[in-house]
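Here is entry_27.tsv, consisting of TSV, C-alpha atoms:
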```
chain	number	residue	atom	x	y	z
A	967	MET	CA	0.00	0.00	0.00
A	968	VAL	CA	2.79	2.35	0.83
A	969	THR	CA	4.45	3.19	-2.41
A	970	PRO	CA	7.92	4.61	-2.05
A	971	GLY	CA	8.36	8.15	-3.23
A	972	PRO	CA	9.86	8.64	-6.66
A	973	SER	CA	13.52	7.98	-6.14
A	974	ALA	CA	15.31	10.45	-8.31
A	975	ALA	CA	18.93	10.09	-9.19
A	976	PRO	CA	21.05	11.98	-6.68
A	977	THR	CA	23.33	13.29	-9.39
A	978	PRO	CA	22.66	16.84	-10.53
A	979	PRO	CA	20.91	17.20	-13.87
A	980	ALA	CA	23.64	19.59	-15.07
A	981	SER	CA	21.05	21.18	-17.34
A	982	GLY	CA	22.17	18.88	-20.15
A	983	THR	CA	25.18	20.96	-21.08
A	984	THR	CA	28.84	20.80	-20.30
A	985	LEU	CA	30.34	23.72	-18.45
A	986	THR	CA	32.92	26.01	-19.95
A	987	PRO	CA	36.15	26.42	-17.93
A	988	LEU	CA	34.90	29.81	-16.69
A	989	GLU	CA	31.56	28.36	-15.62
A	990	GLU	CA	33.37	25.53	-13.86
A	991	GLU	CA	35.50	28.02	-11.98
A	992	LEU	CA	32.47	30.10	-10.96
A	993	LEU	CA	30.57	26.98	-9.90
A	994	ARG	CA	33.54	25.97	-7.76
A	995	LEU	CA	33.53	29.41	-6.12
A	996	ALA	CA	29.79	29.39	-5.53
A	997	GLY	CA	29.94	25.83	-4.20
A	998	SER	CA	32.67	26.75	-1.73
A	999	VAL	CA	30.24	28.94	0.21
A	1000	PRO	CA	29.67	27.40	3.66
A	1001	ASP	CA	26.18	26.30	4.64
A	1002	PRO	CA	24.75	29.02	6.93
A	1003	GLU	CA	23.50	26.53	9.52
A	1004	LEU	CA	26.15	23.82	9.13
A	1005	PRO	CA	29.19	25.96	8.38
A	1006	MET	CA	31.53	22.96	8.51
A	1007	VAL	CA	30.24	21.83	5.11
A	1008	SER	CA	30.18	23.75	1.85
A	1009	LEU	CA	27.14	24.01	-0.42
A	1010	ALA	CA	28.91	21.72	-2.91
A	1011	GLU	CA	29.53	19.11	-0.23
A	1012	LEU	CA	25.92	19.37	0.87
A	1013	GLY	CA	24.89	18.65	-2.71
A	1014	VAL	CA	22.54	21.59	-3.15
A	1015	MET	CA	24.31	23.18	-6.15
A	1016	ARG	CA	22.42	22.20	-9.26
A	1017	GLY	CA	24.20	24.17	-11.94
A	1018	LEU	CA	25.55	27.46	-13.19
A	1019	ARG	CA	25.20	29.18	-16.53
A	1020	LEU	CA	26.87	32.18	-18.02
A	1021	LEU	CA	23.99	34.06	-19.66
A	1022	GLY	CA	26.14	36.83	-21.08
A	1023	PRO	CA	29.13	38.92	-20.15
A	1024	GLY	CA	28.94	39.46	-16.39
A	1025	ARG	CA	25.59	37.68	-16.11
A	1026	VAL	CA	25.32	34.38	-14.30
A	1027	GLU	CA	22.42	32.17	-13.27
A	1028	VAL	CA	22.92	29.72	-10.42
A	1029	GLU	CA	20.58	26.84	-9.68
A	1030	LEU	CA	20.16	25.85	-6.06
A	1031	THR	CA	17.93	23.18	-4.53
A	1032	PRO	CA	16.61	23.34	-0.95
A	1033	THR	CA	17.24	20.50	1.48
A	1034	TYR	CA	13.78	21.00	2.97
A	1035	THR	CA	11.02	22.98	1.25
A	1036	GLY	CA	10.82	25.39	4.17
A	1037	CYS	CA	14.55	25.62	4.80
A	1038	PRO	CA	15.06	29.17	6.10
A	1039	ALA	CA	18.77	29.03	5.20
A	1040	LEU	CA	17.97	29.18	1.50
A	1041	GLU	CA	17.83	32.96	1.35
A	1042	SER	CA	21.16	33.46	3.06
A	1043	MET	CA	22.69	30.79	0.80
A	1044	ALA	CA	21.55	32.83	-2.19
A	1045	THR	CA	22.90	36.06	-0.70
A	1046	ASP	CA	26.25	34.44	0.09
A	1047	ILE	CA	26.56	33.03	-3.44
A	1048	GLU	CA	25.77	36.44	-4.90
A	1049	ARG	CA	28.40	38.07	-2.72
A	1050	VAL	CA	31.13	35.57	-3.64
A	1051	LEU	CA	30.44	35.92	-7.35
A	1052	HIS	CA	30.22	39.73	-7.11
A	1053	ASP	CA	33.61	39.68	-5.41
A	1054	HIS	CA	34.97	37.71	-8.35
A	1055	GLY	CA	33.81	40.20	-10.92
A	1056	VAL	CA	30.34	38.97	-11.84
A	1057	PRO	CA	28.03	41.98	-11.43
A	1058	GLU	CA	24.76	40.23	-12.22
A	1059	VAL	CA	23.93	37.05	-10.33
A	1060	ALA	CA	20.51	35.40	-10.33
A	1061	VAL	CA	19.98	32.47	-7.96
A	1062	ARG	CA	17.11	30.24	-8.97
A	1063	THR	CA	15.54	27.59	-6.73
A	1064	VAL	CA	14.82	24.25	-8.36
A	1065	LEU	CA	12.81	21.47	-6.71
A	1066	SER	CA	13.13	18.69	-9.22
A	1067	PRO	CA	14.61	16.17	-8.81
A	1068	PRO	CA	14.20	16.49	-5.06
A	1069	TRP	CA	17.34	16.74	-2.95
A	1070	THR	CA	18.21	13.65	-0.96
A	1071	THR	CA	20.77	13.07	1.76
A	1072	ASP	CA	22.57	10.80	-0.75
A	1073	ALA	CA	23.71	14.03	-2.42
A	1074	ILE	CA	25.98	14.83	0.55
A	1075	SER	CA	29.54	14.02	-0.50
A	1076	ALA	CA	31.85	11.64	1.36
A	1077	GLU	CA	33.91	14.61	2.45
A	1078	GLY	CA	30.75	16.37	3.67
A	1079	ARG	CA	29.80	13.31	5.72
A	1080	ARG	CA	33.25	13.15	7.23
A	1081	LYS	CA	33.08	16.81	8.26
A	1082	LEU	CA	29.61	16.41	9.78
A	1083	ALA	CA	30.77	13.47	11.90
A	1084	GLU	CA	33.89	15.36	12.90
A	1085	SER	CA	31.67	18.18	14.19
A	1086	GLY	CA	29.51	15.87	16.28
A	1087	ILE	CA	26.65	15.38	13.81
A	1088	ALA	CA	25.99	11.77	12.83
A	1089	PRO	CA	25.80	11.70	9.02
A	1090	PRO	CA	22.79	10.15	7.25
A	1091	ALA	CA	22.86	6.53	6.18
A	1092	PRO	CA	22.69	5.85	2.43
A	1093	ARG	CA	19.03	5.85	1.47
A	1094	ASP	CA	19.07	2.51	-0.35
A	1095	ALA	CA	19.90	0.97	3.02
A	1096	THR	CA	16.60	2.25	4.33
A	1097	ALA	CA	14.71	0.13	1.80
A	1098	GLY	CA	12.19	2.46	0.26
A	1099	SER	CA	10.92	4.10	3.42
A	1100	PRO	CA	11.79	7.74	3.89
A	1101	VAL	CA	11.47	7.18	7.64
A	1102	PRO	CA	14.11	4.69	8.69
A	1103	VAL	CA	13.43	3.36	12.13
A	1104	ALA	CA	15.58	0.32	12.74
A	1105	LEU	CA	18.99	1.48	11.53
A	1106	ALA	CA	21.77	1.77	14.06
A	1107	VAL	CA	23.15	5.30	14.21
A	1108	ARG	CA	26.72	5.58	15.39
A	1109	CYS	CA	27.57	8.09	18.12
A	1110	PRO	CA	29.85	10.74	16.57
A	1111	HIS	CA	31.63	11.18	19.92
A	1112	CYS	CA	32.56	7.66	21.02
A	1113	GLY	CA	31.61	5.52	18.01
A	1114	SER	CA	29.13	3.31	19.85
A	1115	THR	CA	26.07	2.10	17.95
A	1116	GLU	CA	24.11	1.91	21.21
A	1117	THR	CA	22.18	5.11	20.61
A	1118	GLU	CA	18.53	6.00	21.07
A	1119	LEU	CA	16.17	8.45	19.45
A	1120	LEU	CA	15.08	11.33	21.68
A	1121	SER	CA	13.13	13.26	19.06
A	1122	ARG	CA	12.60	13.02	15.32
A	1123	PHE	CA	13.03	16.76	15.10
A	1124	SER	CA	15.92	18.82	16.33
A	1125	SER	CA	17.66	22.19	16.03
A	1126	THR	CA	17.08	22.37	12.27
A	1127	ALA	CA	14.57	20.70	9.97
A	1128	CYS	CA	17.18	18.28	8.66
A	1129	LYS	CA	18.24	16.76	11.97
A	1130	ALA	CA	16.93	14.36	14.64
A	1131	LEU	CA	18.03	14.35	18.26
A	1132	ARG	CA	19.64	11.20	19.69
A	1133	ARG	CA	21.51	10.14	22.79
A	1134	CYS	CA	24.37	7.70	23.15
A	1135	ALA	CA	23.84	4.98	25.76
A	1136	ALA	CA	27.57	4.30	25.99
A	1137	CYS	CA	28.96	7.80	26.61
A	1138	GLY	CA	25.72	9.52	27.61
A	1139	GLU	CA	26.16	12.44	25.19
A	1140	PRO	CA	23.20	13.75	23.20
A	1141	PHE	CA	23.92	14.42	19.53
A	1142	ASP	CA	22.27	15.51	16.30
A	1143	HIS	CA	21.70	13.02	13.51
A	1144	PHE	CA	21.27	14.22	9.94
A	1145	LYS	CA	18.00	12.49	9.02
A	1146	GLU	CA	17.82	10.40	5.89
A	1147	LEU	CA	15.66	12.18	3.32
B	440	MET	CA	-5.62	28.24	-9.86
B	441	THR	CA	-8.02	26.66	-7.39
B	442	ALA	CA	-5.96	23.55	-6.62
B	443	ALA	CA	-2.87	25.56	-5.71
B	444	LEU	CA	-4.99	27.61	-3.32
B	445	ALA	CA	-6.62	24.54	-1.79
B	446	LEU	CA	-3.35	22.71	-1.12
B	447	GLY	CA	-1.44	25.88	-0.27
B	448	ASP	CA	-4.07	27.06	2.20
B	449	ASP	CA	-4.16	23.64	3.90
B	450	ALA	CA	-0.42	23.89	4.47
B	451	LEU	CA	-0.45	27.57	5.48
B	452	VAL	CA	-3.31	27.33	7.96
B	453	LEU	CA	-2.04	24.15	9.62
B	454	SER	CA	1.42	25.69	9.82
B	455	HIS	CA	0.00	28.67	11.68
B	456	ARG	CA	-1.99	26.50	14.06
B	457	LEU	CA	1.10	24.41	14.89
B	458	GLY	CA	3.10	27.60	15.38
B	459	GLU	CA	0.66	28.53	18.15
B	460	TRP	CA	2.24	25.77	20.24
B	461	ALA	CA	5.50	27.73	20.46
B	462	GLY	CA	6.13	28.37	24.13
B	463	ARG	CA	3.30	26.08	25.22
B	464	ALA	CA	4.22	22.52	24.24
B	465	PRO	CA	4.34	19.92	27.02
B	466	VAL	CA	8.06	19.22	26.60
B	467	LEU	CA	10.93	20.92	24.80
B	468	GLU	CA	11.32	18.14	22.23
B	469	GLU	CA	7.70	18.58	21.19
B	470	GLU	CA	8.08	22.32	21.03
B	471	VAL	CA	10.87	21.76	18.52
B	472	ALA	CA	9.02	19.00	16.66
B	473	LEU	CA	5.82	20.98	16.17
B	474	ALA	CA	7.77	24.07	15.10
B	475	ASN	CA	9.74	21.99	12.58
B	476	ILE	CA	6.57	20.50	11.14
B	477	ALA	CA	5.09	23.99	10.93
B	478	LEU	CA	8.20	25.16	9.09
B	479	ASP	CA	7.98	22.34	6.53
B	480	LEU	CA	4.32	23.19	5.92
B	481	LEU	CA	5.10	26.88	5.57
B	482	GLY	CA	7.71	26.08	2.93
B	483	GLN	CA	5.19	24.00	1.03
B	484	ALA	CA	2.59	26.75	1.32
B	485	ARG	CA	5.01	29.31	-0.11
B	486	VAL	CA	5.70	27.19	-3.19
B	487	LEU	CA	2.03	26.33	-3.72
B	488	LEU	CA	0.65	29.84	-3.20
B	489	SER	CA	3.35	31.26	-5.47
B	490	LEU	CA	2.00	29.01	-8.23
B	491	ALA	CA	-1.32	30.85	-7.85
B	492	ASP	CA	-0.26	34.47	-7.29
B	493	ASP	CA	1.78	36.64	-4.91
B	494	GLU	CA	2.31	34.57	-1.76
B	495	ASP	CA	2.22	37.47	0.70
B	496	GLU	CA	-0.93	39.02	-0.72
B	497	LEU	CA	-2.65	35.66	-0.66
B	498	ALA	CA	-1.62	34.90	2.91
B	499	TYR	CA	-2.10	38.30	4.47
B	500	LEU	CA	-4.68	40.19	2.47
B	501	ARG	CA	-7.42	37.71	1.68
B	502	GLU	CA	-10.67	37.65	3.60
B	503	GLU	CA	-11.85	34.50	5.32
B	504	ARG	CA	-14.24	33.53	2.53
B	505	ALA	CA	-11.42	33.49	-0.01
B	506	PHE	CA	-9.46	30.75	1.79
B	507	ARG	CA	-9.85	27.26	0.35
B	508	ASN	CA	-8.40	25.09	3.11
B	509	VAL	CA	-10.33	22.17	4.57
B	510	GLN	CA	-11.98	22.93	7.89
B	511	LEU	CA	-9.91	20.26	9.65
B	512	VAL	CA	-6.69	22.27	9.56
B	513	GLU	CA	-8.26	25.45	10.97
B	514	GLN	CA	-9.58	23.69	14.10
B	515	PRO	CA	-8.03	25.08	17.29
B	516	ASN	CA	-5.19	23.12	18.87
B	517	GLY	CA	-7.09	21.94	21.96
B	518	ASP	CA	-4.92	19.82	24.22
B	519	PHE	CA	-1.86	17.97	22.94
B	520	ALA	CA	-3.86	14.81	22.12
B	521	HIS	CA	-6.32	16.89	20.12
B	522	THR	CA	-3.45	18.34	18.08
B	523	ILE	CA	-2.00	14.85	17.55
B	524	ALA	CA	-5.39	13.60	16.34
B	525	ARG	CA	-5.51	16.47	13.82
B	526	GLN	CA	-1.93	15.68	12.78
B	527	LEU	CA	-2.71	11.99	12.34
B	528	TYR	CA	-5.76	12.61	10.17
B	529	PHE	CA	-4.15	15.31	8.09
B	530	SER	CA	-0.58	14.07	7.63
B	531	THR	CA	-1.84	10.60	6.63
B	532	TYR	CA	-4.04	12.27	4.02
B	533	GLN	CA	-1.36	14.66	2.85
B	534	GLU	CA	1.25	11.94	2.43
B	535	LEU	CA	-1.10	9.78	0.34
B	536	LEU	CA	-2.15	12.79	-1.73
B	537	TYR	CA	1.42	13.97	-2.37
B	538	GLU	CA	2.50	10.43	-3.29
B	539	ARG	CA	-0.12	10.41	-6.00
B	540	LEU	CA	0.61	13.95	-7.20
B	541	ALA	CA	4.34	13.19	-7.29
B	542	HIS	CA	3.71	10.36	-9.75
B	543	GLY	CA	1.56	12.53	-11.98
B	544	SER	CA	2.63	15.05	-14.56
B	545	GLY	CA	0.69	18.04	-13.21
B	546	PRO	CA	2.09	21.34	-11.95
B	547	PHE	CA	2.33	20.00	-8.39
B	548	ALA	CA	4.55	17.01	-9.17
B	549	PRO	CA	7.93	18.64	-8.30
B	550	LEU	CA	6.69	20.07	-4.98
B	551	ALA	CA	4.83	16.87	-4.11
B	552	ALA	CA	7.88	14.70	-4.81
B	553	LYS	CA	9.93	16.87	-2.50
B	554	ALA	CA	7.34	17.39	0.24
B	555	VAL	CA	6.15	13.79	0.48
B	556	LYS	CA	9.43	12.90	2.15
B	557	GLU	CA	8.94	15.64	4.75
B	558	VAL	CA	5.34	14.67	5.36
B	559	ALA	CA	6.39	11.05	5.93
B	560	TYR	CA	8.18	12.31	9.05
B	561	HIS	CA	5.10	14.27	10.14
B	562	ARG	CA	2.93	11.19	9.78
B	563	ASP	CA	5.49	9.07	11.60
B	564	HIS	CA	5.54	11.59	14.45
B	565	ALA	CA	1.72	11.60	14.71
B	566	GLU	CA	1.54	7.79	14.63
B	567	HIS	CA	4.09	7.39	17.39
B	568	TRP	CA	2.24	9.82	19.63
B	569	THR	CA	-1.10	8.19	18.86
B	570	LEU	CA	0.37	4.85	19.98
B	571	ARG	CA	1.90	6.36	23.09
B	572	LEU	CA	-1.20	8.24	24.16
B	573	GLY	CA	-3.73	5.58	23.13
B	574	ASP	CA	-1.82	2.74	24.71
B	575	GLY	CA	-0.64	4.83	27.66
B	576	THR	CA	-2.50	5.75	30.83
B	577	ASP	CA	-6.26	5.86	31.26
B	578	GLU	CA	-6.06	9.64	31.11
B	579	SER	CA	-3.97	9.78	27.92
B	580	HIS	CA	-6.16	7.12	26.27
B	581	GLU	CA	-9.29	9.07	27.10
B	582	ARG	CA	-7.88	12.35	25.80
B	583	MET	CA	-6.68	10.76	22.57
B	584	ARG	CA	-10.10	9.19	22.08
B	585	ARG	CA	-11.78	12.53	22.68
B	586	GLY	CA	-9.56	14.28	20.14
B	587	LEU	CA	-10.11	11.62	17.49
B	588	ASP	CA	-13.88	11.67	18.04
B	589	ALA	CA	-14.18	15.44	18.01
B	590	LEU	CA	-12.32	15.83	14.71
B	591	TRP	CA	-13.80	12.81	12.93
B	592	ARG	CA	-16.62	14.78	11.33
B	593	PHE	CA	-14.08	17.01	9.61
B	594	THR	CA	-12.36	14.12	7.80
B	595	GLY	CA	-14.98	13.53	5.11
B	596	GLU	CA	-14.09	16.81	3.47
B	597	LEU	CA	-10.52	15.68	2.83
B	598	PHE	CA	-11.71	13.45	0.01
B	599	GLU	CA	-13.87	15.90	-1.87
B	600	PRO	CA	-12.27	16.11	-5.31
B	601	VAL	CA	-10.14	19.21	-5.85
B	602	GLU	CA	-10.40	20.49	-9.38
B	603	GLY	CA	-6.98	20.41	-11.00
B	604	CYS	CA	-5.63	17.46	-8.97
B	605	GLU	CA	-5.69	14.32	-11.04
B	606	VAL	CA	-6.16	11.87	-8.24
B	607	GLU	CA	-8.52	8.95	-7.71
B	608	TRP	CA	-10.19	10.28	-4.60
B	609	HIS	CA	-12.05	7.16	-3.59
B	610	THR	CA	-8.92	4.99	-3.60
B	611	LEU	CA	-7.15	7.76	-1.70
B	612	HIS	CA	-9.93	7.60	0.86
B	613	ASP	CA	-9.75	3.81	1.13
B	614	ALA	CA	-5.99	3.90	1.64
B	615	TRP	CA	-6.41	6.59	4.30
B	616	LEU	CA	-9.08	4.63	6.18
B	617	THR	CA	-7.02	1.43	6.08
B	618	ARG	CA	-4.03	3.20	7.49
B	619	ILE	CA	-5.93	5.10	10.19
B	620	THR	CA	-7.72	1.90	11.22
B	621	SER	CA	-4.45	0.03	11.55
B	622	VAL	CA	-2.82	2.75	13.68
B	623	LEU	CA	-5.84	3.11	15.94
B	624	GLU	CA	-6.08	-0.65	16.45
B	625	ARG	CA	-2.44	-0.81	17.50
B	626	ALA	CA	-3.09	2.13	19.82
B	627	THR	CA	-6.00	0.23	21.45
B	628	LEU	CA	-8.37	2.91	20.16
B	629	ALA	CA	-11.57	2.49	18.19
B	630	VAL	CA	-12.15	4.10	14.82
B	631	PRO	CA	-14.67	6.84	15.62
B	632	GLU	CA	-18.24	6.36	14.53
B	633	GLY	CA	-20.45	9.14	13.38
B	634	PRO	CA	-21.20	10.96	10.19
B	635	ARG	CA	-18.47	12.30	7.94
B	636	ARG	CA	-20.75	13.37	5.12
B	637	GLY	CA	-24.22	14.82	4.82
B	638	GLY	CA	-26.12	17.17	7.07
B	639	TRP	CA	-24.32	16.52	10.32
B	640	ALA	CA	-20.86	16.34	8.85
B	641	ALA	CA	-18.68	19.38	8.61
B	642	GLY	CA	-16.90	20.59	5.54
B	643	ALA	CA	-17.25	23.34	3.02
B	644	GLY	CA	-13.84	24.87	3.53
B	645	ARG	CA	-12.95	24.22	-0.11
B	646	GLN	CA	-15.91	26.46	-1.02
B	647	GLY	CA	-14.78	29.21	1.36
B	648	ILE	CA	-17.12	28.42	4.24
B	649	HIS	CA	-15.17	28.23	7.48
B	650	THR	CA	-15.76	27.55	11.14
B	651	GLU	CA	-15.94	30.30	13.73
B	652	PRO	CA	-12.42	29.95	15.18
B	653	PHE	CA	-10.85	30.52	11.75
B	654	GLY	CA	-11.73	34.21	11.68
B	655	ARG	CA	-9.92	34.79	14.95
B	656	MET	CA	-6.91	32.86	13.72
B	657	LEU	CA	-6.75	34.95	10.55
B	658	ALA	CA	-7.08	38.18	12.53
B	659	GLU	CA	-3.99	37.26	14.49
B	660	MET	CA	-2.08	35.98	11.45
B	661	GLN	CA	-2.85	39.01	9.28
B	662	HIS	CA	-2.86	41.76	11.87
B	663	LEU	CA	0.77	42.83	11.61
B	664	HIS	CA	0.89	42.90	7.83
B	665	ARG	CA	-2.37	44.81	7.55
B	666	SER	CA	-1.35	47.35	10.21
B	667	HIS	CA	2.09	47.91	8.74
B	668	PRO	CA	1.92	47.15	5.02
B	669	GLY	CA	5.31	46.34	3.56
B	670	ALA	CA	7.08	46.42	6.93
B	671	THR	CA	10.47	44.70	7.04
B	672	TRP	CA	13.13	44.17	9.67
```
Show how you would write the structure in this file as C-alpha cells.
Amino acid sequence: MVTPGPSAAPTPPASGTTLTPLEEELLRLAGSVPDPELPMVSLAELGVMRGLRLLGPGRVEVELTPTYTGCPALESMATDIERVLHDHGVPEVAVRTVLSPPWTTDAISAEGRRKLAESGIAPPAPRDATAGSPVPVALAVRCPHCGSTETELLSRFSSTACKALRRCAACGEPFDHFKEL
Amino acid sequence: MTAALALGDDALVLSHRLGEWAGRAPVLEEEVALANIALDLLGQARVLLSLADDEDELAYLREERAFRNVQLVEQPNGDFAHTIARQLYFSTYQELLYERLAHGSGPFAPLAAKAVKEVAYHRDHAEHWTLRLGDGTDESHERMRRGLDALWRFTGELFEPVEGCEVEWHTLHDAWLTRITSVLERATLAVPEGPRRGGWAAGAGRQGIHTEPFGRMLAEMQHLHRSHPGATW
C-alpha cells in the first residue's frame, strides 16, 4: 500500500550541457560557500548546487535546490553566493531555486559526511539501506563522539529541519543526527 | 488556480496552528518538533501559493471567505492529544495525496515529490504519539479518544475532489481509512463512529465556508501585515 516516493537520481541534472572552464571556476567558487546553519560543510559538499550558466558577459544564473522545502537558510545561501560571485567580478547574479529532482541526503559528499561526523553530527545513512521508506526506524546510528552504535532516538526533530536528536547509551552524550531524506 | 490555493491554504493554515504551540508545548522536544513540522508546511505553502499568485498578498490580504483550506486544519489546537489527532488525520491524508501527485505530470509534481518525504516524518511523528497516548494511561487514552472523536466529522471533506488534482479520490480515501484503522487498532483505540458526510458532517472549507475559530486565527495571522503594510526588519 505504501508506495515509495519517486527515487530520483542523486546526481545533478547539469542542465544537459557541459560547463565552460569559466563556468566551472564560478561553480567551484559558488559551491565553496559554507552552509549558513552547518558551516563545517560547503554548499557543494551538501549537494545543493544544481548548476551554473553564463547568460552573457557578467551575467550568471545559479541553480540551487533546498534540502527541505521550508529551509530558512535558502535565502542566506543565495545572498552568500551572490556576494562571492560579485567579489569575483560577476556583477549580475541570479539564484534560482529548483525542486526537481528532489534533494536527498545521498547528495551529501563523502567529504561532507566526514566533516559532519567530525563536528559531532551523525551523518545520514545511504538511502538505499533504508529500503524504500523515507522514515528509517531500525537502523543503528553511530555516536559521533565515542563511536558506539548503542544510541537511542530522543526526538525526530531537532535544532534544524534536517536533523533528529539522539543520545548515546555508551557515553551519555546527546547528539544531532542528519536524518535520511 | 483553485488547486494551488486549496493545497497551499491547507499547508499555510495548519502551519500557523502548529506555530501557536510555540512556548506552550508539554516538553521541549515537542516544542521543537511541532515548530519543525510547521516550518515544513510553511515552505510547502510558499511554493504552492506562489503558483497561484503573490504569496504574501494571498496569505495576508485575503478575507476569510477566499481561503480554500479544509476545515480540519483550521480547528483550534485543543490539548496535545487533540493536536495529535488532527496531525494523524491530516498528515496521513497529505502523504497519500502527495505520493499520487508526485507520480503525476501536473504542476504540483515537483513540490509533491519533495514534500512527500517531509510529510512522511510528520505522519510518523503523529503515529508514534497516537500509539503512546492511546496505549498509555487511562487519562492519555481518554484524551486521545476525545480528540479523534471530536475531529472525525471534519475528515470527510478531505476526500472531496479538488479540481486540477488528477487523483482517484475514492482509492485515496480507502488507503487513508485502512491506514488510520491500523494505527488506531495498534493504539487500542476504536475508529470513531459518526457521520463524515451529509447534514451533520462538517466541511465546506474548499468552497470558502469556514468555522468560527478561523476568523480569529486569521485576525492574528494578518494583523501585523495589515497594520504595517510592507514592513520589514
Query raised in the report: What residues in chain A lie within 6 Å of chain B, counting all atoms listed in the file, written as an MDAnalysis selection string?
Result: chainID A and resid 1035:1036 1065:1066 1068 1100 1123 1127
Report task. Write out as number ranges by chain each polymer residue whose atoms come within 6 Å of A:Phe1144, counting only C-alpha atoms; drop sequence neighbours fewer than 2 positions from it. Result -> A: 1089-1090, 1128-1129
Output of the above residues as a compact mmCIF listing (two decimals), in the coordinates of the input, restricted to C-alpha atoms:
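The resulting result_35.txt:
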```
# COMPACT_ATOMS: atom_id res chain seq x y z
CA PRO A 1089 25.80 11.70 9.02
CA PRO A 1090 22.79 10.15 7.25
CA CYS A 1128 17.18 18.28 8.66
CA LYS A 1129 18.24 16.76 11.97
```
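Distance check against B:Arg571 using all atoms listed in the file: of B:Leu497, B:Leu623, B:Ala629, B:Leu590, the minimum falls on B:Leu623.
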Report task. Please check which residues have atoms at most 12 Å from (-6.2, 3.1, 12.1) in the file's coordinates, counting all atoms listed in the file, and write them as a PyMOL selection string. Result -> chain B and resi 524+527-528+531+565-566+569-570+573+587+613-631
Requested in this report: Please provide as number ranges by chain all residues within 10 Å of B:Arg635, with the sequence filter that same-chain residues fewer than 5 positions apart are discarded (counting only C-alpha atoms).
Outcome: B: 590-596, 640-642
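Rounded to one decimal, atom CA of A:Pro1023 and atom CA of A:Val1059 lie 11.3 Å from each other.
Considering all atoms listed in the file, the residue among A:Glu1003, A:Asp1046, A:Glu1058, A:Asp1053 positioned nearest to A:Glu1027 is A:Glu1058.
Nearest to B:Tyr532 of all the residues B:Leu487, B:Leu572, B:Leu611, B:Val509 is B:Leu611, based on all atoms listed in the file.
Compared by their closest atoms to B:His664, and using only C-alpha atoms, the residues B:Arg501, B:Arg636, B:His609, B:His580 rank with B:Arg501 nearest.
Across A:Ala1106, A:Ala1073, A:Cys1037, A:Val1056, the tightest approach to A:Leu1119 is made by A:Ala1106 when counting all atoms listed in the file.
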Query - Residues near stretch 1008-1018 of chain A, cut-off 6 Å, only C-alpha atoms, skip fewer than 4 positions along chain, as a VMD selection string - result: chain A and resid 978 980 997 to 1001 1027 to 1031 1073 to 1075 1078
**Report entry** Selected residue of minimal separation from B:Glu513 among B:Trp608, B:Phe529, B:Trp568, B:Tyr499, counting only C-alpha atoms
**Finding:** B:Phe529
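For the pair atom CA of A:Leu1040 and atom CA of B:Ala450, the separation is 19.4 Å.
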Report task. Could you jot down the atom CA of B:Asn508 to atom CA of B:Phe547 separation for me, Å, one decimal place? Result -> 16.5 Å
**Report entry** Selection near B:Pro652, 9 Å with only C-alpha atoms, sequence-local residues under 3 positions removed, as a ChimeraX atom specification
**Finding:** /B:513-515,649,655-657
Give the padded box for stretch 587-590 of chain B as lines of an AutoDock Vina configuration file: axis-aligned, covering all atoms listed in the file, 8 Å on each side, centre and edge lengths in Å to one decimal.
```
center_x = -12.1
center_y = 13.7
center_z = 16.4
size_x = 20.1
size_y = 20.2
size_z = 19.3
```
